[in-house]
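**Student:** I'm passing along model.txt; it holds compact mmCIF, C-alpha atoms and all ligand atoms.
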```txt
# COMPACT_ATOMS: atom_id res chain seq x y z
CA MET A 13 -69.91 147.90 27.54
CA ILE A 14 -70.63 144.24 28.30
CA ARG A 15 -71.11 143.45 32.00
CA HIS A 16 -70.02 140.05 33.29
CA ILE A 17 -72.25 138.50 35.87
CA THR A 18 -71.98 135.64 38.36
CA VAL A 19 -75.30 134.16 39.49
CA LEU A 20 -75.16 132.45 42.88
CA GLY A 21 -78.23 130.21 43.27
CA SER A 22 -78.83 130.25 39.51
CA THR A 23 -81.24 127.27 39.46
CA GLY A 24 -83.65 128.85 41.97
CA SER A 25 -86.55 131.20 41.49
CA ILE A 26 -84.47 134.42 41.61
CA GLY A 27 -81.61 132.81 39.69
CA GLN A 28 -83.85 131.79 36.80
CA SER A 29 -85.51 135.23 36.69
CA THR A 30 -82.03 136.78 36.54
CA LEU A 31 -81.05 134.56 33.62
CA ASP A 32 -84.25 135.58 31.86
CA VAL A 33 -83.24 139.26 32.09
CA VAL A 34 -79.73 138.36 30.83
CA ARG A 35 -81.31 136.41 27.95
CA ARG A 36 -83.16 139.56 26.84
CA HIS A 37 -79.96 141.63 26.65
CA PRO A 38 -77.15 139.63 25.04
CA ASP A 39 -75.56 142.91 23.96
CA ARG A 40 -75.23 144.10 27.58
CA TYR A 41 -74.68 141.10 29.85
CA ARG A 42 -72.65 137.91 29.73
CA VAL A 43 -72.73 135.08 32.29
CA PHE A 44 -69.32 134.58 33.87
CA ALA A 45 -70.30 131.85 36.36
CA LEU A 46 -73.32 129.97 37.66
CA SER A 47 -73.77 128.14 40.93
CA ALA A 48 -76.30 125.85 42.62
CA ALA A 49 -76.61 123.19 45.28
CA ARG A 50 -77.45 120.13 43.21
CA SER A 51 -79.90 120.76 40.31
CA VAL A 52 -77.93 119.09 37.52
CA ASP A 53 -80.61 119.17 34.81
CA THR A 54 -81.34 122.90 35.03
CA MET A 55 -77.61 123.58 35.18
CA LEU A 56 -76.95 121.51 32.06
CA SER A 57 -79.45 123.46 29.99
CA ASP A 58 -78.17 126.80 31.37
CA ILE A 59 -74.59 125.84 30.51
CA ALA A 60 -75.72 125.05 26.96
CA GLU A 61 -77.46 128.42 26.66
CA PHE A 62 -75.10 130.78 28.52
CA ALA A 63 -71.68 129.06 28.21
CA PRO A 64 -70.31 130.26 31.57
CA ARG A 65 -66.58 130.02 32.24
CA TYR A 66 -67.23 128.36 35.63
CA VAL A 67 -70.00 126.42 37.35
CA VAL A 68 -69.84 125.68 41.07
CA MET A 69 -72.04 122.95 42.55
CA ALA A 70 -72.15 122.96 46.37
CA ASP A 71 -72.80 119.24 46.32
CA ALA A 72 -69.64 117.36 45.26
CA ALA A 73 -71.59 114.40 43.85
CA ALA A 74 -73.69 116.80 41.75
CA ALA A 75 -70.47 118.41 40.47
CA ALA A 76 -69.15 114.99 39.42
CA GLY A 77 -72.48 114.04 37.83
CA LEU A 78 -72.62 117.34 35.94
CA THR A 79 -69.05 116.99 34.66
CA ALA A 80 -69.84 113.51 33.34
CA GLN A 81 -72.78 114.86 31.34
CA LEU A 82 -71.15 117.93 29.79
CA ALA A 83 -71.28 118.02 26.01
CA ALA A 84 -68.05 117.21 24.17
CA GLY A 85 -65.94 120.32 23.71
CA CYS A 86 -67.78 122.27 26.45
CA GLN A 87 -65.44 124.97 27.80
CA THR A 88 -67.17 125.31 31.18
CA GLU A 89 -65.10 124.29 34.18
CA VAL A 90 -67.11 122.59 36.95
CA LEU A 91 -65.92 123.12 40.53
CA THR A 92 -67.18 122.46 44.05
CA GLY A 93 -66.49 123.81 47.54
CA ALA A 94 -66.60 127.05 49.48
CA ASP A 95 -63.35 128.43 48.01
CA ALA A 96 -64.63 127.96 44.47
CA LEU A 97 -67.85 129.76 45.39
CA ALA A 98 -65.90 132.71 46.83
CA MET A 99 -63.64 132.70 43.75
CA ILE A 100 -66.51 133.11 41.24
CA ALA A 101 -68.00 135.86 43.45
CA SER A 102 -64.76 137.86 43.61
CA HIS A 103 -62.96 137.08 40.32
CA LYS A 104 -61.38 140.12 38.66
CA ASP A 105 -63.35 139.55 35.46
CA VAL A 106 -66.73 139.80 37.24
CA ASP A 107 -68.68 143.07 37.38
CA GLN A 108 -71.92 142.01 39.06
CA VAL A 109 -72.84 139.22 41.46
CA MET A 110 -76.43 138.12 41.92
CA ALA A 111 -76.59 136.80 45.51
CA ALA A 112 -79.55 134.40 45.30
CA ILE A 113 -78.53 131.40 47.36
CA VAL A 114 -81.19 130.72 49.97
CA GLY A 115 -80.30 131.00 53.67
CA ALA A 116 -77.06 131.23 55.63
CA ALA A 117 -75.21 129.29 52.92
CA GLY A 118 -75.16 132.55 50.93
CA LEU A 119 -73.18 134.54 53.48
CA LEU A 120 -69.57 133.76 52.58
CA PRO A 121 -69.72 134.22 48.79
CA THR A 122 -71.90 137.34 49.14
CA LEU A 123 -69.38 138.81 51.56
CA ALA A 124 -66.56 137.88 49.18
CA ALA A 125 -68.31 139.82 46.40
CA ALA A 126 -68.68 142.86 48.67
CA GLN A 127 -65.05 142.74 49.77
CA ALA A 128 -63.95 142.50 46.14
CA GLY A 129 -65.86 145.70 45.30
CA LYS A 130 -68.42 144.16 42.94
CA ARG A 131 -71.91 145.37 42.21
CA VAL A 132 -73.77 143.11 44.65
CA LEU A 133 -77.36 142.37 43.66
CA LEU A 134 -78.65 141.30 47.06
CA ALA A 135 -81.57 138.86 47.13
CA ASN A 136 -80.11 136.68 49.90
CA LYS A 137 -81.50 138.73 52.80
CA GLU A 138 -80.35 136.11 55.32
CA SER A 139 -76.70 137.10 54.86
CA LEU A 140 -77.46 140.71 55.78
CA VAL A 141 -79.60 139.66 58.77
CA MET A 142 -76.79 137.43 60.05
CA ALA A 143 -73.88 139.77 59.59
CA GLY A 144 -75.36 143.25 58.99
CA PRO A 145 -72.60 145.42 60.51
CA LEU A 146 -69.79 143.32 59.00
CA PHE A 147 -71.49 143.18 55.65
CA MET A 148 -72.09 146.94 55.43
CA GLN A 149 -68.48 147.52 56.49
CA ALA A 150 -67.25 145.13 53.76
CA VAL A 151 -69.33 147.07 51.20
CA ARG A 152 -67.75 150.38 52.28
CA GLN A 153 -64.19 149.06 52.51
CA GLY A 154 -64.39 147.07 49.29
CA GLY A 155 -66.02 149.96 47.42
CA ALA A 156 -68.89 147.69 46.38
CA GLU A 157 -72.22 148.88 44.99
CA LEU A 158 -75.01 147.30 47.01
CA LEU A 159 -78.30 147.08 45.09
CA PRO A 160 -81.22 145.60 47.02
CA ILE A 161 -83.18 143.06 44.96
CA ASP A 162 -85.79 142.13 47.56
CA SER A 163 -88.81 143.84 45.96
CA GLU A 164 -89.61 145.97 49.01
CA HIS A 165 -86.06 147.19 49.50
CA ASN A 166 -85.70 147.81 45.81
CA ALA A 167 -88.87 149.93 46.00
CA ILE A 168 -87.51 151.82 49.02
CA PHE A 169 -84.21 152.38 47.21
CA GLN A 170 -86.15 153.77 44.25
CA SER A 171 -88.22 156.02 46.56
CA LEU A 172 -85.31 157.48 48.55
CA PRO A 173 -83.47 160.63 47.40
CA GLU A 174 -80.59 159.80 45.06
CA ALA A 175 -78.14 161.41 47.47
CA TYR A 176 -79.41 159.42 50.49
CA ASP A 177 -76.45 158.71 52.76
CA GLY A 178 -78.04 156.98 55.73
CA ASP A 179 -79.28 160.11 57.49
CA PHE A 180 -83.09 160.14 57.77
CA ALA A 181 -83.33 163.61 59.34
CA ALA A 182 -81.02 165.33 56.84
CA HIS A 183 -83.22 164.13 53.98
CA GLY A 184 -86.55 164.91 55.64
CA ILE A 185 -87.52 161.24 55.93
CA ASP A 186 -90.09 160.26 58.56
CA LYS A 187 -90.59 156.60 57.96
CA ILE A 188 -90.20 153.64 55.68
CA LEU A 189 -93.54 151.98 54.89
CA LEU A 190 -92.63 148.32 54.32
CA THR A 191 -95.46 146.56 52.56
CA ALA A 192 -96.38 142.91 53.15
CA SER A 193 -98.85 140.75 51.25
CA GLY A 194 -99.84 139.02 54.50
CA GLY A 195 -99.23 135.63 52.88
CA PRO A 196 -101.70 132.78 52.36
CA PHE A 197 -102.99 132.87 55.97
CA ARG A 198 -103.79 136.58 56.26
CA GLY A 199 -106.80 137.04 58.54
CA TRP A 200 -106.58 133.51 59.97
CA SER A 201 -106.79 132.81 63.71
CA ALA A 202 -104.19 130.90 65.75
CA GLU A 203 -106.63 127.96 65.92
CA GLN A 204 -106.92 127.88 62.14
CA LEU A 205 -103.13 127.95 61.80
CA ALA A 206 -102.62 124.93 64.07
CA ASP A 207 -102.99 122.30 61.37
CA VAL A 208 -101.98 123.98 58.11
CA THR A 209 -99.87 121.83 55.78
CA PRO A 210 -96.60 122.66 54.00
CA ALA A 211 -98.50 122.64 50.69
CA GLN A 212 -100.88 125.33 52.00
CA ALA A 213 -98.00 127.39 53.40
CA VAL A 214 -95.99 127.46 50.17
CA ALA A 215 -99.00 128.45 48.03
CA HIS A 216 -98.36 132.19 48.06
CA PRO A 217 -101.26 134.27 46.70
CA ASN A 218 -99.15 136.69 44.58
CA TRP A 219 -95.52 135.61 44.22
CA SER A 220 -93.95 132.43 42.91
CA MET A 221 -90.87 131.78 45.07
CA GLY A 222 -88.65 129.11 46.62
CA GLN A 223 -90.06 126.97 49.44
CA LYS A 224 -88.20 128.54 52.34
CA ILE A 225 -89.15 132.15 51.59
CA SER A 226 -92.73 131.04 50.90
CA VAL A 227 -93.02 129.56 54.42
CA ASP A 228 -91.36 132.70 55.79
CA SER A 229 -94.01 134.78 54.01
CA ALA A 230 -96.76 132.68 55.54
CA SER A 231 -95.36 133.07 59.08
CA LEU A 232 -94.48 136.79 58.60
CA MET A 233 -90.85 135.91 59.37
CA ASN A 234 -90.09 137.10 55.87
CA LYS A 235 -91.32 140.56 56.90
CA GLY A 236 -89.31 140.29 60.12
CA LEU A 237 -86.14 139.47 58.17
CA GLU A 238 -86.96 142.30 55.77
CA LEU A 239 -87.40 144.75 58.63
CA ILE A 240 -83.90 143.89 59.86
CA GLU A 241 -82.65 144.06 56.26
CA ALA A 242 -84.14 147.57 55.92
CA CYS A 243 -82.55 148.74 59.19
CA PHE A 244 -79.09 147.66 58.02
CA LEU A 245 -79.45 148.81 54.42
CA PHE A 246 -80.92 152.21 55.15
CA ASN A 247 -79.34 152.84 58.57
CA CYS A 248 -82.53 153.18 60.63
CA GLN A 249 -84.28 151.72 63.67
CA PRO A 250 -87.28 149.34 63.76
CA GLU A 251 -89.46 152.24 65.05
CA GLN A 252 -88.78 154.03 61.76
CA VAL A 253 -90.15 151.13 59.72
CA GLN A 254 -93.92 150.64 59.62
CA VAL A 255 -95.10 147.30 58.23
CA VAL A 256 -98.23 147.80 56.12
CA VAL A 257 -100.19 144.76 54.97
CA HIS A 258 -101.24 145.33 51.36
CA PRO A 259 -102.75 142.11 49.98
CA GLN A 260 -102.54 143.00 46.26
CA SER A 261 -98.70 143.38 46.27
CA VAL A 262 -98.90 146.22 43.75
CA ILE A 263 -97.19 148.86 45.86
CA HIS A 264 -93.83 147.31 46.72
CA SER A 265 -93.04 149.77 49.57
CA MET A 266 -92.95 153.50 50.26
CA VAL A 267 -91.02 156.30 51.92
CA GLN A 268 -92.87 158.91 53.96
CA TYR A 269 -91.36 162.41 54.14
CA CYS A 270 -91.74 165.18 56.74
CA ASP A 271 -93.71 167.43 54.35
CA GLY A 272 -96.51 164.87 54.06
CA SER A 273 -95.31 163.33 50.80
CA VAL A 274 -95.28 159.57 50.37
CA ILE A 275 -93.22 158.20 47.47
CA ALA A 276 -94.00 154.68 46.33
CA GLN A 277 -92.87 152.23 43.67
CA LEU A 278 -95.61 150.18 42.01
CA GLY A 279 -95.48 147.27 39.61
CA GLN A 280 -96.47 143.70 38.84
CA PRO A 281 -95.40 141.11 41.42
CA ASP A 282 -92.58 139.91 39.15
CA MET A 283 -89.01 139.82 40.46
CA ARG A 284 -87.60 140.59 37.02
CA THR A 285 -88.45 144.28 37.67
CA PRO A 286 -86.16 144.73 40.71
CA ILE A 287 -83.54 142.41 39.17
CA ALA A 288 -83.39 144.43 35.93
CA TYR A 289 -83.32 147.66 37.95
CA GLY A 290 -80.35 146.43 39.98
CA MET A 291 -78.49 145.21 36.92
CA ALA A 292 -78.99 148.39 34.87
CA TRP A 293 -78.94 151.04 37.64
CA PRO A 294 -78.82 154.00 37.24
CA GLY A 295 -80.33 153.20 33.83
CA ARG A 296 -83.38 151.09 33.03
CA ILE A 297 -83.80 148.13 30.72
CA GLU A 298 -86.74 146.10 29.50
CA ALA A 299 -87.42 143.17 31.88
CA GLY A 300 -90.15 141.17 30.16
CA VAL A 301 -92.69 142.42 32.71
CA GLU A 302 -96.14 143.56 31.62
CA SER A 303 -96.99 147.13 32.54
CA LEU A 304 -99.45 147.78 35.30
CA ASP A 305 -103.10 148.21 34.33
CA LEU A 306 -104.50 150.47 37.05
CA PHE A 307 -108.06 150.22 35.67
CA SER A 308 -108.11 146.46 36.07
CA LEU A 309 -106.69 146.74 39.60
CA ALA A 310 -109.48 149.05 40.74
CA THR A 311 -108.81 148.78 44.50
CA LEU A 312 -105.78 148.71 46.78
CA ASN A 313 -106.24 147.69 50.42
CA PHE A 314 -104.12 148.31 53.50
CA GLU A 315 -104.26 146.92 57.03
CA ALA A 316 -102.05 146.60 60.11
CA PRO A 317 -100.15 143.31 60.61
CA ASP A 318 -101.56 140.85 63.18
CA GLU A 319 -98.46 140.45 65.34
CA GLN A 320 -100.39 138.46 67.97
CA THR A 321 -101.28 135.60 65.64
CA PHE A 322 -98.00 135.86 63.70
CA PRO A 323 -95.32 136.33 66.40
CA CYS A 324 -92.34 136.03 64.04
CA LEU A 325 -92.44 139.73 63.15
CA GLY A 326 -92.12 140.70 66.83
CA LEU A 327 -89.32 138.17 67.34
CA ALA A 328 -87.36 139.77 64.52
CA LYS A 329 -87.79 143.25 66.06
CA GLN A 330 -86.59 141.85 69.39
CA ALA A 331 -83.59 140.24 67.72
CA PHE A 332 -82.55 143.48 66.02
CA SER A 333 -82.94 145.46 69.25
CA ALA A 334 -80.92 142.88 71.22
CA GLY A 335 -78.29 143.29 68.49
CA GLY A 336 -74.93 141.56 68.11
CA THR A 337 -75.29 137.85 67.38
CA MET A 338 -79.05 137.73 68.10
CA PRO A 339 -80.25 138.30 64.49
CA SER A 340 -77.96 135.48 63.39
CA VAL A 341 -79.54 133.23 66.05
CA LEU A 342 -83.05 134.25 64.94
CA ASN A 343 -82.17 133.40 61.34
CA ALA A 344 -80.57 130.02 62.10
CA ALA A 345 -83.37 128.92 64.43
CA ASN A 346 -85.87 129.91 61.76
CA GLU A 347 -84.05 127.86 59.10
CA VAL A 348 -84.17 124.79 61.37
CA ALA A 349 -87.85 125.40 62.24
CA VAL A 350 -88.91 125.89 58.61
CA ASP A 351 -87.07 122.75 57.56
CA ALA A 352 -88.78 120.75 60.36
CA PHE A 353 -92.17 122.15 59.33
CA LEU A 354 -91.58 121.27 55.66
CA LYS A 355 -90.68 117.72 56.75
CA GLU A 356 -93.92 117.64 58.80
CA GLN A 357 -92.01 117.18 62.07
CA ILE A 358 -93.59 120.21 63.76
CA PRO A 359 -96.83 122.14 63.23
CA PHE A 360 -96.73 125.61 61.66
CA THR A 361 -97.47 127.37 64.97
CA CYS A 362 -94.33 125.82 66.51
CA ILE A 363 -92.07 127.79 64.16
CA PRO A 364 -92.21 130.97 66.32
CA ARG A 365 -92.20 128.90 69.52
CA LEU A 366 -88.98 127.13 68.65
CA ILE A 367 -87.30 130.40 67.59
CA ALA A 368 -88.40 132.14 70.81
CA ARG A 369 -86.99 129.29 72.93
CA VAL A 370 -83.64 129.40 71.16
CA MET A 371 -83.47 133.21 71.49
CA GLU A 372 -84.26 133.00 75.23
CA LYS A 373 -81.23 130.75 75.72
CA HIS A 374 -78.86 133.09 73.88
CA THR A 375 -76.79 135.91 75.35
CA PRO A 376 -75.90 138.13 72.40
CA GLN A 377 -72.25 138.87 71.75
CA THR A 378 -70.95 141.91 69.88
CA VAL A 379 -70.27 141.06 66.25
CA THR A 380 -66.57 141.74 65.85
CA SER A 381 -65.71 138.95 63.45
CA LEU A 382 -67.23 136.56 60.97
CA ASP A 383 -66.26 133.71 63.28
CA ALA A 384 -68.54 135.12 66.00
CA VAL A 385 -71.44 135.17 63.52
CA LEU A 386 -70.78 131.64 62.29
CA ALA A 387 -70.39 130.34 65.86
CA ALA A 388 -73.74 131.88 66.88
CA ASP A 389 -75.35 130.40 63.75
CA GLN A 390 -74.02 126.91 64.60
CA TRP A 391 -74.96 127.24 68.28
CA ALA A 392 -78.53 128.18 67.32
CA ARG A 393 -78.83 125.26 64.87
CA ASP A 394 -77.57 122.79 67.51
CA THR A 395 -79.82 124.26 70.21
CA ALA A 396 -82.89 124.21 67.94
CA ALA A 397 -82.17 120.62 66.87
CA GLU A 398 -81.83 119.56 70.48
CA LEU A 399 -85.10 121.27 71.46
CA LEU A 400 -86.79 119.49 68.57
CA THR A 401 -85.77 116.08 69.90
CA THR A 402 -86.17 116.76 73.61
CA SER A 403 -89.28 118.87 74.01
CA ASP A 404 -92.89 118.60 73.10
CA MET A 405 -93.29 121.48 70.67
CA THR A 406 -97.03 121.68 71.21
CA GLU A 407 -96.36 122.29 74.92
CA MET A 408 -94.14 125.26 74.25
CA PRO A 409 -95.58 128.59 75.32
CA GLY A 410 -96.79 130.50 72.27
P1 LIG B 1 -84.86 128.89 45.70
O1 LIG B 1 -85.01 127.84 46.74
O2 LIG B 1 -85.79 128.89 44.55
O3 LIG B 1 -83.37 128.83 45.10
C1 LIG B 1 -82.25 128.73 45.94
C2 LIG B 1 -80.96 128.57 45.12
O4 LIG B 1 -79.87 128.42 46.04
C3 LIG B 1 -80.94 127.32 44.23
O5 LIG B 1 -80.23 127.60 43.05
C4 LIG B 1 -80.16 126.31 45.07
O6 LIG B 1 -79.53 125.32 44.29
C5 LIG B 1 -79.15 127.21 45.76
N1 LIG B 1 -78.68 126.66 47.03
C6 LIG B 1 -79.45 126.17 48.04
N2 LIG B 1 -78.66 125.74 49.05
C7 LIG B 1 -77.39 126.00 48.69
C8 LIG B 1 -76.14 125.79 49.31
N3 LIG B 1 -76.03 125.20 50.51
N4 LIG B 1 -75.01 126.18 48.66
C9 LIG B 1 -75.09 126.74 47.42
N5 LIG B 1 -76.27 126.95 46.78
C10 LIG B 1 -77.39 126.59 47.40
O7 LIG B 1 -84.91 130.28 46.47
P2 LIG B 1 -85.37 131.72 45.92
O8 LIG B 1 -86.82 131.89 46.12
O9 LIG B 1 -84.79 131.96 44.57
O10 LIG B 1 -84.66 132.68 46.98
C11 LIG B 1 -83.27 132.93 46.95
C12 LIG B 1 -82.94 134.07 47.92
O11 LIG B 1 -83.57 135.25 47.44
C13 LIG B 1 -83.46 133.85 49.34
O12 LIG B 1 -82.56 134.39 50.24
C14 LIG B 1 -84.75 134.63 49.37
O13 LIG B 1 -85.08 135.10 50.65
C15 LIG B 1 -84.43 135.79 48.44
N6 LIG B 1 -85.60 136.39 47.80
C16 LIG B 1 -86.37 135.65 46.96
C17 LIG B 1 -87.49 136.22 46.37
C18 LIG B 1 -88.34 135.44 45.40
O14 LIG B 1 -89.27 136.01 44.82
N7 LIG B 1 -88.10 134.17 45.16
C19 LIG B 1 -87.82 137.55 46.65
C20 LIG B 1 -87.01 138.28 47.51
C21 LIG B 1 -85.90 137.69 48.07
MG MG B 2 -89.56 140.76 49.77
```
Please, can you express the file's structure as structure tokens?
**Tutor:**
Amino acid sequence: MIRHITVLGSTGSIGQSTLDVVRRHPDRYRVFALSAARSVDTMLSDIAEFAPRYVVMADAAAAAGLTAQLAAGCQTEVLTGADALAMIASHKDVDQVMAAIVGAAGLLPTLAAAQAGKRVLLANKESLVMAGPLFMQAVRQGGAELLPIDSEHNAIFQSLPEAYDGDFAAHGIDKILLTASGGPFRGWSAEQLADVTPAQAVAHPNWSMGQKISVDSASLMNKGLELIEACFLFNCQPEQVQVVVHPQSVIHSMVQYCDGSVIAQLGQPDMRTPIAYGMAWPGRIEAGVESLDLFSLATLNFEAPDEQTFPCLGLAKQAFSAGGTMPSVLNAANEVAVDAFLKEQIPFTCIPRLIARVMEKHTPQTVTSLDAVLAADQWARDTAAELLTTSDMTEMPG
């Protein structure tokens, strides 16, 4: 049976990898809709290849520009706006939704897909960090299938018992071992980090990814967001998740059981593996990924994370423990900080400082509604922006 898929964030790194898997299986998958912020050229060539029924551009000018350039007779309808985004994520003719918009902008359409009971292929970890309890509730109530695409969480999903229902003890699970590459600055001192450039930060040693997640990987915030993601997805506490730095990124994460067994998933650092797994689950399909050559790998290394030099991981643990709106505040402050770093307005080491200052000013509220999450997100963005203009970031306590 043909599965119809909507790809949110289709022009990005995950979006393009998803389309590559679709391209390999024309007999199994058809693109229902594509969406992006403003990349008109990539969208034009993807429309020509995949002939989606709808395309949603977040940027209205990009939507107009795209419409003007569509080939004569093209059947694709170009839309813009939040309602259109939610519509393509929840349309009755859609089976699967790849949630690969970067950042908080992904929350509403991803939630719409969950509420509509779709198979949600979740790459957009920020939406789960922001609204974890609401999101998991929407999945249950909507009868959605939530398939983690983040490579670590996909590996954990593959390493958990098939019947796992959120109860560690009942399934003899001790711990999740969440692997981290350590990023481009693994082993560096705080002094060395003081004057790194955006170009250095986005040059990830193993993975080719969008800019924001690359900076998050360099600061270890990516691992912090992933720790929160794991706690919500698998119903556990931060103490039950051990971060393990593994520079080769061959083991994508593990589950440790009470009998001494550790189950791992290994593979190339290529996101098409978890994407294809999510799309075909419980089956498996070819993903265009080379098989692993263990003889050429020879060695695998493991070390503990340096939480002193990379405080973002600890901030994320704090945010999850504080609960309520605090993870949303952590995420929003991080988005502002990363953007300022990429624009060379603040040094790399000020990313955790700015986030810590915003978190200190926040009293977490219980997350009872989406409005509470969105209000906390906006408050954190405003507070971070104000701190950026009013304080000397280099003076902030580290
Ligand atoms: P990217 O920057 O390459 O792509 C982002 C996509 O989102 C683009 O298509 C862009 O047009 C779209 N977009 C950006 N802002 C938008 C907005 N306001 N409204 C609508 N669309 C918007 O990012 P990426 O690396 O593909 O990452 C996407 C998501 O997947 C992130 O949440 C990231 O954390 C997660 N993820 C990525 C990887 C990876 O290997 N790249 C791995 C795990 C998880
Ligand atoms: Mg990951």
**Student:** Would you tabulate, counting only C-alpha atoms and all ligand atoms, all residues of chain A that have an atom at most 8 Å from an atom of ligand LIG 1 (chain B), showing the closest pair of atoms and their distance in Å to one decimal, sorted by chain then ascending number, as CSV?
**Tutor:**
```
residue,atom,partner,partner_atom,distance
A:Leu20,CA,B:LIG1,N5,6.8
A:Gly21,CA,B:LIG1,O5,3.3
A:Ser22,CA,B:LIG1,O5,4.6
A:Thr23,CA,B:LIG1,O5,3.7
A:Gly24,CA,B:LIG1,O3,3.1
A:Ser25,CA,B:LIG1,O9,3.6
A:Ile26,CA,B:LIG1,O9,3.9
A:Gly27,CA,B:LIG1,O9,5.9
A:Gln28,CA,B:LIG1,O9,7.8
A:Ser47,CA,B:LIG1,N5,6.5
A:Ala48,CA,B:LIG1,O6,3.7
A:Ala49,CA,B:LIG1,O6,3.7
A:Arg50,CA,B:LIG1,O6,5.7
A:Ser51,CA,B:LIG1,O6,6.1
A:Met69,CA,B:LIG1,C9,6.9
A:Ala70,CA,B:LIG1,N4,4.9
A:Asp71,CA,B:LIG1,N4,7.7
A:Ala111,CA,B:LIG1,C12,7.3
A:Ala112,CA,B:LIG1,C12,4.3
A:Ile113,CA,B:LIG1,O4,3.5
A:Val114,CA,B:LIG1,C13,3.9
A:Gly115,CA,B:LIG1,O12,5.3
A:Ala116,CA,B:LIG1,N3,8.0
A:Ala117,CA,B:LIG1,N3,4.8
A:Gly118,CA,B:LIG1,N4,6.8
A:Leu134,CA,B:LIG1,O11,7.8
A:Ala135,CA,B:LIG1,O11,4.1
A:Asn136,CA,B:LIG1,O12,3.4
A:Lys137,CA,B:LIG1,O12,5.1
A:Glu138,CA,B:LIG1,O12,5.8
A:Ser139,CA,B:LIG1,O12,7.9
A:Ile161,CA,B:LIG1,C20,6.6
A:Asp162,CA,B:LIG1,C20,4.0
A:Ser163,CA,B:LIG1,C20,6.0
A:Trp219,CA,B:LIG1,O14,6.3
A:Ser220,CA,B:LIG1,O14,6.2
A:Met221,CA,B:LIG1,N7,3.7
A:Gly222,CA,B:LIG1,O8,3.4
A:Gln223,CA,B:LIG1,O1,5.8
A:Lys224,CA,B:LIG1,O1,6.5
A:Ile225,CA,B:LIG1,O13,5.1
A:Ser226,CA,B:LIG1,O8,7.6
A:Asn234,CA,B:LIG1,O13,7.5
A:Asp282,CA,B:LIG1,O14,7.6
A:Met283,CA,B:LIG1,O14,5.8
```
**Student:** Leu205 of chain A: which residues within 10 Å, counting all atoms listed in the file, same-chain residues fewer than 5 positions away excluded, as a PyMOL selection string?
**Tutor:** chain A and resi 197+200+213+231+321-322+359-361
**Student:** Mind working out the centre and edge lengths of an axis-aligned box for segment 334-346 of chain A, all listed atoms inside, 6 Å added to each side, rounded to one decimal in Å and written as JSON?
**Tutor:**
```
{"center_x": -80.4, "center_y": 136.1, "center_z": 66.3, "size_x": 22.9, "size_y": 26.4, "size_z": 21.9}
```
**Student:** Which residues, protein or nucleic acid, reach to within 12 Å of (-101.2, 122.4, 55.6) in the file's coordinates when using all atoms listed in the file, and can you give that as a list in words?
**Tutor:**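 Residues lying no farther than 12 Å from the given point: Pro196, Phe197, Gln204, Leu205, Ala206, Asp207, Val208, Thr209, Pro210, Ala211, Gln212, Ala213, Val214, Ala215, Val227, Ala230, Phe353, Leu354, Lys355, Glu356, Ile358, Pro359, Phe360 and Thr361 of chain A.
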**Student:** Of the residues A:Val379, A:Ala328, A:Ala310, A:Ala167, which is the one nearest to ligand MG 2 (chain B), using only C-alpha atoms and all ligand atoms?
**Tutor:**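 Among the listed residues, A:Ala167 lies closest to ligand MG 2 (chain B).
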**Student:** Just to confirm, what's the straight-line distance from atom CA of Lys235 of chain A to atom CA of His165 of chain A in Å (one decimal)?
**Tutor:**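 For atom CA of Lys235 of chain A relative to atom CA of His165 of chain A, the distance reads 11.2 Å.
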**Student:** A:Pro145, A:Pro323, A:Gly300, A:Pro281: which is nearest ligand MG 2 (chain B), counting all atoms listed in the file?
**Tutor:**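 Smallest separation from ligand MG 2 (chain B) among the options: A:Pro281.
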**Student:** Counting all atoms listed in the file, which residue out of A:Val151, A:Ala288, A:Met266, A:Met13 sits closest to Val301 of chain A?
**Tutor:** A:Ala288
**Student:** Give me, as a list in words, all polymer residues having an atom no more than 10 Å from Asp394 of chain A, counting all atoms listed in the file and skipping those fewer than 4 positions away in the same chain.
**Tutor:**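 Near Asp394 of chain A, the qualifying residues are Ala344, Ala345, Val348, Val370, Ala388, Asp389, Gln390, Glu398, Leu399 and Leu400 of chain A.
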**Student:** Please provide as a tab-separated table (two decimals) with C-alpha atoms, in the frame of the given file all residues within 10 Å of Val385 of chain A, with the sequence filter that same-chain residues fewer than 4 positions apart are discarded (counting all atoms listed in the file).
**Tutor:**
```
chain	number	residue	atom	x	y	z
A	142	MET	CA	-76.79	137.43	60.05
A	143	ALA	CA	-73.88	139.77	59.59
A	146	LEU	CA	-69.79	143.32	59.00
A	336	GLY	CA	-74.93	141.56	68.11
A	337	THR	CA	-75.29	137.85	67.38
A	338	MET	CA	-79.05	137.73	68.10
A	339	PRO	CA	-80.25	138.30	64.49
A	340	SER	CA	-77.96	135.48	63.39
A	341	VAL	CA	-79.54	133.23	66.05
A	377	GLN	CA	-72.25	138.87	71.75
A	378	THR	CA	-70.95	141.91	69.88
A	379	VAL	CA	-70.27	141.06	66.25
A	380	THR	CA	-66.57	141.74	65.85
A	381	SER	CA	-65.71	138.95	63.45
A	389	ASP	CA	-75.35	130.40	63.75
A	390	GLN	CA	-74.02	126.91	64.60
A	391	TRP	CA	-74.96	127.24	68.28
```
**Student:** From the options A:Ile59, A:Leu239, A:Ala83, A:Val33, which residue's atoms come nearest to ligand MG 2 (chain B), counting only C-alpha atoms and all ligand atoms?
**Tutor:**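 Closest candidate: A:Leu239.
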**Student:** Would you mind listing what lies within 12 Å of Met99 of chain A as a PyMOL selection string, with only C-alpha atoms counted and same-chain residues fewer than 6 positions away left out?
**Tutor:** chain A and resi 18+20+44-47+66-68+91-93+105-106+109+120-125+127-128
